[in-house]
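Engineer: File run18.pdb follows (PDB, C-alpha atoms and all ligand atoms):
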```pdb
ATOM      1  CA  MET G 466       0.000   0.000   0.000
ATOM      2  CA  SER G 467       1.361   3.443  -0.844
ATOM      3  CA  GLU G 468       2.117   5.916   1.934
ATOM      4  CA  SER G 469      -0.657   8.388   2.655
ATOM      5  CA  LYS G 470      -0.066  11.905   1.345
ATOM      6  CA  VAL G 471      -0.506  14.756   3.763
ATOM      7  CA  ALA G 472      -0.597  18.437   2.797
ATOM      8  CA  ILE G 473      -0.389  21.484   5.045
ATOM      9  CA  TYR G 474      -2.536  24.526   4.225
ATOM     10  CA  PRO G 475      -1.154  27.472   6.209
ATOM     11  CA  GLY G 476      -2.697  30.894   6.711
ATOM     12  CA  SER G 477      -4.162  33.175   9.318
ATOM     13  CA  PHE G 478      -7.808  32.181   8.718
ATOM     14  CA  ASP G 479      -9.128  35.156  10.688
ATOM     15  CA  PRO G 480     -11.791  34.041   9.938
ATOM     16  CA  LEU G 481     -12.054  31.020   7.633
ATOM     17  CA  THR G 482     -13.989  31.976   4.463
ATOM     18  CA  LEU G 483     -15.706  29.819   1.871
ATOM     19  CA  GLY G 484     -12.664  30.511  -0.340
ATOM     20  CA  HIS G 485     -10.383  28.842   2.216
ATOM     21  CA  GLU G 486     -12.848  25.969   2.623
ATOM     22  CA  ASP G 487     -12.968  25.487  -1.127
ATOM     23  CA  ILE G 488      -9.172  25.266  -1.372
ATOM     24  CA  ALA G 489      -8.934  22.803   1.557
ATOM     25  CA  ARG G 490     -11.621  20.513   0.135
ATOM     26  CA  ARG G 491     -10.160  20.646  -3.389
ATOM     27  CA  SER G 492      -6.775  19.650  -1.962
ATOM     28  CA  LEU G 493      -8.257  16.284  -0.993
ATOM     29  CA  LYS G 494      -8.114  15.437  -4.693
ATOM     30  CA  PHE G 495      -4.364  14.982  -4.408
ATOM     31  CA  ALA G 496      -3.825  14.611  -0.640
ATOM     32  CA  ASP G 497      -5.273  11.926   1.618
ATOM     33  CA  ARG G 498      -5.253  14.337   4.539
ATOM     34  CA  VAL G 499      -5.032  18.125   4.797
ATOM     35  CA  ILE G 500      -3.879  19.969   7.911
ATOM     36  CA  ILE G 501      -5.140  23.543   8.070
ATOM     37  CA  ALA G 502      -2.375  25.299   9.996
ATOM     38  CA  ILE G 503      -3.149  28.621  11.681
ATOM     39  CA  ALA G 504      -0.010  30.747  11.587
ATOM     40  CA  HIS G 505       0.220  33.194  14.473
ATOM     41  CA  HIS G 506       2.720  35.480  16.081
ATOM     42  CA  PRO G 507       2.197  36.469  19.729
ATOM     43  CA  THR G 508       3.106  40.091  18.915
ATOM     44  CA  GLN G 509       0.295  40.357  16.360
ATOM     45  CA  SER G 510      -2.516  39.321  18.680
ATOM     46  CA  LYS G 511      -3.860  42.897  18.896
ATOM     47  CA  ASP G 512      -4.591  43.044  15.166
ATOM     48  CA  ARG G 513      -6.664  39.898  15.193
ATOM     49  CA  LEU G 514     -10.433  39.562  15.377
ATOM     50  CA  PHE G 515     -10.454  35.972  16.669
ATOM     51  CA  SER G 516      -8.039  34.242  19.029
ATOM     52  CA  VAL G 517      -6.214  31.139  17.874
ATOM     53  CA  ASP G 518      -8.511  28.997  20.065
ATOM     54  CA  GLU G 519     -11.585  30.558  18.503
ATOM     55  CA  ARG G 520     -10.197  29.984  15.005
ATOM     56  CA  LEU G 521      -9.366  26.367  15.863
ATOM     57  CA  ALA G 522     -12.906  25.781  17.145
ATOM     58  CA  MET G 523     -14.535  27.428  14.105
ATOM     59  CA  ILE G 524     -12.466  25.475  11.613
ATOM     60  CA  LYS G 525     -13.191  22.186  13.416
ATOM     61  CA  GLU G 526     -16.905  22.912  13.226
ATOM     62  CA  CYS G 527     -16.759  23.870   9.539
ATOM     63  CA  PHE G 528     -15.084  20.570   8.676
ATOM     64  CA  ALA G 529     -17.036  18.378  11.097
ATOM     65  CA  ASP G 530     -18.263  16.448   8.035
ATOM     66  CA  GLU G 531     -14.743  15.793   6.718
ATOM     67  CA  PRO G 532     -12.446  13.593   8.858
ATOM     68  CA  ARG G 533      -9.608  13.985   6.336
ATOM     69  CA  ILE G 534      -9.233  17.680   7.225
ATOM     70  CA  ASP G 535      -7.513  18.498  10.519
ATOM     71  CA  VAL G 536      -6.591  21.798  12.089
ATOM     72  CA  ALA G 537      -3.471  22.846  14.010
ATOM     73  CA  HIS G 538      -1.598  26.047  14.805
ATOM     74  CA  PHE G 539       2.011  27.147  14.800
ATOM     75  CA  SER G 540       4.183  30.165  15.375
ATOM     76  CA  GLY G 541       7.601  30.491  13.842
ATOM     77  CA  LEU G 542       8.712  29.270  10.476
ATOM     78  CA  LEU G 543       6.382  27.295   8.254
ATOM     79  CA  VAL G 544       9.230  24.990   7.236
ATOM     80  CA  ASP G 545       9.885  24.143  10.902
ATOM     81  CA  PHE G 546       6.231  23.292  11.432
ATOM     82  CA  CYS G 547       6.219  21.156   8.272
ATOM     83  CA  ALA G 548       9.366  19.355   9.385
ATOM     84  CA  SER G 549       7.883  18.694  12.832
ATOM     85  CA  ARG G 550       4.915  17.005  11.124
ATOM     86  CA  LYS G 551       7.147  15.340   8.499
ATOM     87  CA  VAL G 552       5.066  16.910   5.737
ATOM     88  CA  ASN G 553       6.683  18.354   2.628
ATOM     89  CA  ILE G 554       3.624  19.451   0.639
ATOM     90  CA  VAL G 555       2.219  22.928   1.260
ATOM     91  CA  VAL G 556      -0.968  24.215  -0.340
ATOM     92  CA  ARG G 557      -1.603  27.886  -1.029
ATOM     93  CA  GLY G 558      -4.527  29.550  -2.739
ATOM     94  CA  LEU G 559      -4.054  31.944  -5.638
ATOM     95  CA  ARG G 560      -6.846  34.424  -6.149
ATOM     96  CA  ALA G 561      -5.403  36.864  -8.617
ATOM     97  CA  VAL G 562      -2.182  38.007 -10.182
ATOM     98  CA  SER G 563      -1.743  40.231  -7.140
ATOM     99  CA  ASP G 564      -1.178  37.130  -4.945
ATOM    100  CA  PHE G 565       1.394  35.748  -7.341
ATOM    101  CA  GLU G 566       4.441  37.876  -6.617
ATOM    102  CA  TYR G 567       4.329  37.358  -2.853
ATOM    103  CA  GLU G 568       3.565  33.640  -3.156
ATOM    104  CA  PHE G 569       6.328  33.088  -5.694
ATOM    105  CA  GLN G 570       8.873  34.836  -3.479
ATOM    106  CA  MET G 571       7.769  32.855  -0.392
ATOM    107  CA  ALA G 572       7.823  29.571  -2.298
ATOM    108  CA  LEU G 573      11.387  30.106  -3.449
ATOM    109  CA  MET G 574      12.520  31.241   0.002
ATOM    110  CA  ASN G 575      10.850  28.258   1.676
ATOM    111  CA  ARG G 576      12.605  25.963  -0.737
ATOM    112  CA  GLU G 577      15.915  27.598   0.131
ATOM    113  CA  LEU G 578      15.135  26.826   3.773
ATOM    114  CA  TRP G 579      14.010  23.276   3.045
ATOM    115  CA  PRO G 580      14.886  21.964  -0.446
ATOM    116  CA  ASP G 581      12.476  19.038  -0.210
ATOM    117  CA  LEU G 582       9.415  21.256   0.219
ATOM    118  CA  GLU G 583       6.855  21.430  -2.601
ATOM    119  CA  MET G 584       4.294  24.215  -2.781
ATOM    120  CA  VAL G 585       1.041  23.477  -4.593
ATOM    121  CA  PHE G 586      -1.026  26.445  -5.784
ATOM    122  CA  MET G 587      -4.757  26.033  -6.134
ATOM    123  CA  THR G 588      -7.373  28.350  -7.587
ATOM    124  CA  PRO G 589     -10.778  28.530  -5.921
ATOM    125  CA  ALA G 590     -14.194  28.382  -7.583
ATOM    126  CA  GLY G 591     -14.775  31.596  -9.554
ATOM    127  CA  GLU G 592     -17.271  33.004  -7.084
ATOM    128  CA  TYR G 593     -14.640  33.013  -4.320
ATOM    129  CA  THR G 594     -11.773  34.638  -6.192
ATOM    130  CA  PHE G 595     -12.461  38.072  -4.694
ATOM    131  CA  LEU G 596     -12.850  36.873  -1.089
ATOM    132  CA  SER G 597     -10.332  37.612   1.622
ATOM    133  CA  ALA G 598     -10.555  37.311   5.390
ATOM    134  CA  SER G 599      -9.734  41.006   5.787
ATOM    135  CA  LEU G 600     -12.612  41.981   3.474
ATOM    136  CA  ILE G 601     -14.970  39.782   5.483
ATOM    137  CA  ARG G 602     -13.818  41.425   8.732
ATOM    138  CA  GLU G 603     -14.328  44.860   7.246
ATOM    139  CA  ILE G 604     -17.766  44.224   5.716
ATOM    140  CA  ALA G 605     -19.013  42.405   8.827
ATOM    141  CA  SER G 606     -17.764  45.118  11.172
ATOM    142  CA  LEU G 607     -19.638  47.726   9.104
ATOM    143  CA  GLY G 608     -22.846  45.708   9.428
ATOM    144  CA  GLY G 609     -22.807  44.125   5.940
ATOM    145  CA  ASP G 610     -24.257  40.691   5.251
ATOM    146  CA  VAL G 611     -21.456  38.152   4.821
ATOM    147  CA  SER G 612     -23.633  35.036   5.048
ATOM    148  CA  ARG G 613     -22.840  34.083   1.422
ATOM    149  CA  PHE G 614     -19.112  34.115   2.073
ATOM    150  CA  VAL G 615     -18.612  32.158   5.315
ATOM    151  CA  SER G 616     -20.024  28.963   6.859
ATOM    152  CA  PRO G 617     -22.634  29.115   9.654
ATOM    153  CA  PRO G 618     -20.135  28.481  12.531
ATOM    154  CA  VAL G 619     -18.099  31.490  11.351
ATOM    155  CA  LEU G 620     -21.157  33.658  10.783
ATOM    156  CA  ARG G 621     -22.447  32.949  14.290
ATOM    157  CA  ARG G 622     -19.149  33.959  15.882
ATOM    158  CA  LEU G 623     -18.869  37.075  13.733
ATOM    159  CA  ARG G 624     -22.323  38.152  14.880
ATOM    160  CA  GLU G 625     -21.479  37.444  18.527
ATOM    161  CA  ARG G 626     -18.167  39.285  18.325
ATOM    162  CA  LEU G 627     -19.418  42.302  16.411
ATOM    163  CA  GLY G 628     -22.888  42.459  17.918
ATOM    164  CA  THR G 629     -24.481  42.609  14.453
TER
HETATM  165  P1  LIG G 701      -6.523  36.032   3.695
HETATM  166  O1  LIG G 701      -5.571  36.374   2.588
HETATM  167  O2  LIG G 701      -7.922  35.787   3.241
HETATM  168  O3  LIG G 701      -6.406  36.875   4.921
HETATM  169  P2  LIG G 701      -4.919  33.892   4.765
HETATM  170  O4  LIG G 701      -3.740  34.712   5.038
HETATM  171  O5  LIG G 701      -5.487  33.127   5.901
HETATM  172  O6  LIG G 701      -6.161  34.619   4.158
HETATM  173  O7  LIG G 701      -4.642  32.966   3.510
HETATM  174  C1  LIG G 701      -4.242  31.657   3.554
HETATM  175  C2  LIG G 701      -4.125  31.130   2.139
HETATM  176  O8  LIG G 701      -5.407  31.048   1.557
HETATM  177  C3  LIG G 701      -3.310  31.989   1.183
HETATM  178  O9  LIG G 701      -2.636  31.126   0.310
HETATM  179  C4  LIG G 701      -4.347  32.776   0.436
HETATM  180  O10 LIG G 701      -3.904  33.157  -0.841
HETATM  181  C5  LIG G 701      -5.431  31.746   0.342
HETATM  182  N1  LIG G 701      -6.763  32.325   0.180
HETATM  183  C6  LIG G 701      -7.386  33.227   0.962
HETATM  184  N2  LIG G 701      -8.604  33.526   0.495
HETATM  185  C7  LIG G 701      -8.770  32.781  -0.644
HETATM  186  C8  LIG G 701      -9.805  32.655  -1.616
HETATM  187  N3  LIG G 701     -10.914  33.367  -1.549
HETATM  188  N4  LIG G 701      -9.587  31.808  -2.628
HETATM  189  C9  LIG G 701      -8.437  31.116  -2.723
HETATM  190  N5  LIG G 701      -7.428  31.191  -1.871
HETATM  191  C10 LIG G 701      -7.587  32.007  -0.838
END
```
I need this file expressed as structure tokens, please.
Ligand code: ADP
Structural biologist:
Amino acid sequence: MSESKVAIYPGSFDPLTLGHEDIARRSLKFADRVIIAIAHHPTQSKDRLFSVDERLAMIKECFADEPRIDVAHFSGLLVDFCASRKVNIVVRGLRAVSDFEYEFQMALMNRELWPDLEMVFMTPAGEYTFLSASLIREIASLGGDVSRFVSPPVLRRLRERLGT
């Protein structure tokens, strides 16, 4: 039997959007298991809407139907987290050309840090290409309806947090 393939999907997921969910679920076409890895830095906690624990709980709920998707968190270098899990496949989403330059630079740097690492870039369904977590935070905080862009567990927490 061949070894099972695991991929890590890192990001801040503050909060998880349907674009993120789409990328994670699509990744199961080439990976047997996907670990959504919340990247955080203790010094950035002020800029965040949801704590790491809240993000972990939301993501677990959103993927309650999918045992092949796990969630974890890490601070520090992505390559160190990948090495600690013995995973050398990283998934990133590409929304537009504007994502490309940053992603390309990070991919090459990560490979310098760990030559065995492979980055896989996925595009989401067309209707999610304009979605970003920061846009969701902004629209929701101004009282806009984001129910088409996030799953119910995320929507509930956004409403609780923002009192909308
Ligand atoms: P955001 O950019 O939304 O704040 P993250 O930093 O958590 O999100 O992003 C994690 C990864 O998910 C990145 O590779 C990012 O390009 C990708 N991503 C974010 N939103 C989408 C989307 N709507 N469609 C596809 N990929 C996305």
Engineer: Choose the residue, out of G:Leu582, G:Val544, G:Val619, G:Leu627, that has the smallest atom-to-atom separation from Ala504 (chain G); count all atoms listed in the file.
Structural biologist: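 Answer, going by the shortest atom-to-atom distance: G:Val544.
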Engineer: Counting all atoms listed in the file, which residue out of G:Ala522, G:Leu620, G:Met574, G:Ala489 sits closest to ligand LIG 701 (chain G)?
Structural biologist: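 The shortest atom-to-atom distance to ligand LIG 701 (chain G) comes from G:Ala489.
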Engineer: Using all atoms listed in the file, find the one residue out of G:Glu592, G:Glu566, G:Glu583, G:Asp487 that sits nearest to Ile473 (chain G).
Structural biologist: G:Glu583
Engineer: Would you translate the PyMOL selection byres (((chain G and resi 506) around 10) and not hetatm) into the concrete set of residues it matches in this file, as a PyMOL selection string?
Structural biologist: chain G and resi 477+504-505+507-510+539-541
Engineer: For ligand LIG 701 (chain G), which of G:Thr629, G:Ser563, G:Ser492, G:Thr588 is the closest residue, counting all atoms listed in the file?
Structural biologist: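 Among the listed residues, G:Thr588 lies closest to ligand LIG 701 (chain G).
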Engineer: 10 Å from ligand LIG 701 (chain G) is the threshold here; counting only C-alpha atoms and all ligand atoms, which polymer residues fall inside it? Answer as JSON, numbers by chain.
Structural biologist: {"G": [474, 475, 476, 477, 478, 479, 480, 481, 482, 483, 484, 485, 486, 487, 488, 489, 501, 502, 503, 504, 555, 556, 557, 558, 559, 560, 561, 563, 564, 565, 567, 568, 585, 586, 587, 588, 589, 590, 591, 592, 593, 594, 595, 596, 597, 598, 599, 600, 601, 602, 614]}
Engineer: I'd like the interatomic distance between CA of Cys527 (chain G) and CA of Arg624 (chain G), to a tenth of an Å.
Structural biologist: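 We find that CA of Cys527 (chain G) and CA of Arg624 (chain G) lie 16.2 Å from each other.
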Engineer: Just give me the gap between CA of Asp581 (chain G) and CA of Val552 (chain G) in Å, one decimal is fine.
Structural biologist: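 Computing it gives 9.7 Å between the two atoms.
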Engineer: With distances taken over only C-alpha atoms, which of G:Cys547, G:Val611, G:Leu493, G:Val517 is nearest to Arg533 (chain G)?
Structural biologist: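 Of the candidates, the smallest distance to Arg533 (chain G) is held by G:Leu493.
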Engineer: Restricting the calculation to all atoms listed in the file: of G:Asp512, G:Ala472, G:Gln570, G:Glu577, which residue gets closest to Val536 (chain G)?
Structural biologist: G:Ala472
Engineer: Interatomic distance between CA of Glu531 (chain G) and CA of Val615 (chain G)?
Structural biologist: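 These atoms are spaced 16.9 Å apart.
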Engineer: Could you tell me which residues the PyMOL selection byres (((chain G and resi 534) around 6) and not hetatm) grabs in this file, written as a PDB file with C-alpha atoms, in the frame of the given file?
Structural biologist:
```
ATOM      1  CA  ARG G 498      -5.253  14.337   4.539  1.00  0.00           C
ATOM      2  CA  VAL G 499      -5.032  18.125   4.797  1.00  0.00           C
ATOM      3  CA  ILE G 500      -3.879  19.969   7.911  1.00  0.00           C
ATOM      4  CA  GLU G 531     -14.743  15.793   6.718  1.00  0.00           C
ATOM      5  CA  PRO G 532     -12.446  13.593   8.858  1.00  0.00           C
ATOM      6  CA  ARG G 533      -9.608  13.985   6.336  1.00  0.00           C
ATOM      7  CA  ASP G 535      -7.513  18.498  10.519  1.00  0.00           C
TER       8      ASP G 535
END
```
Engineer: Once 6 Å is added on each side, what are the centre and the three edge lengths, in Å to one decimal, of the axis-aligned box enclosing the listed atoms of region 575-580 of chain G? Present them as lines of an AutoDock Vina configuration file.
Structural biologist:
```
center_x = 13.4
center_y = 25.1
center_z = 1.5
size_x = 17.1
size_y = 18.3
size_z = 16.5
```
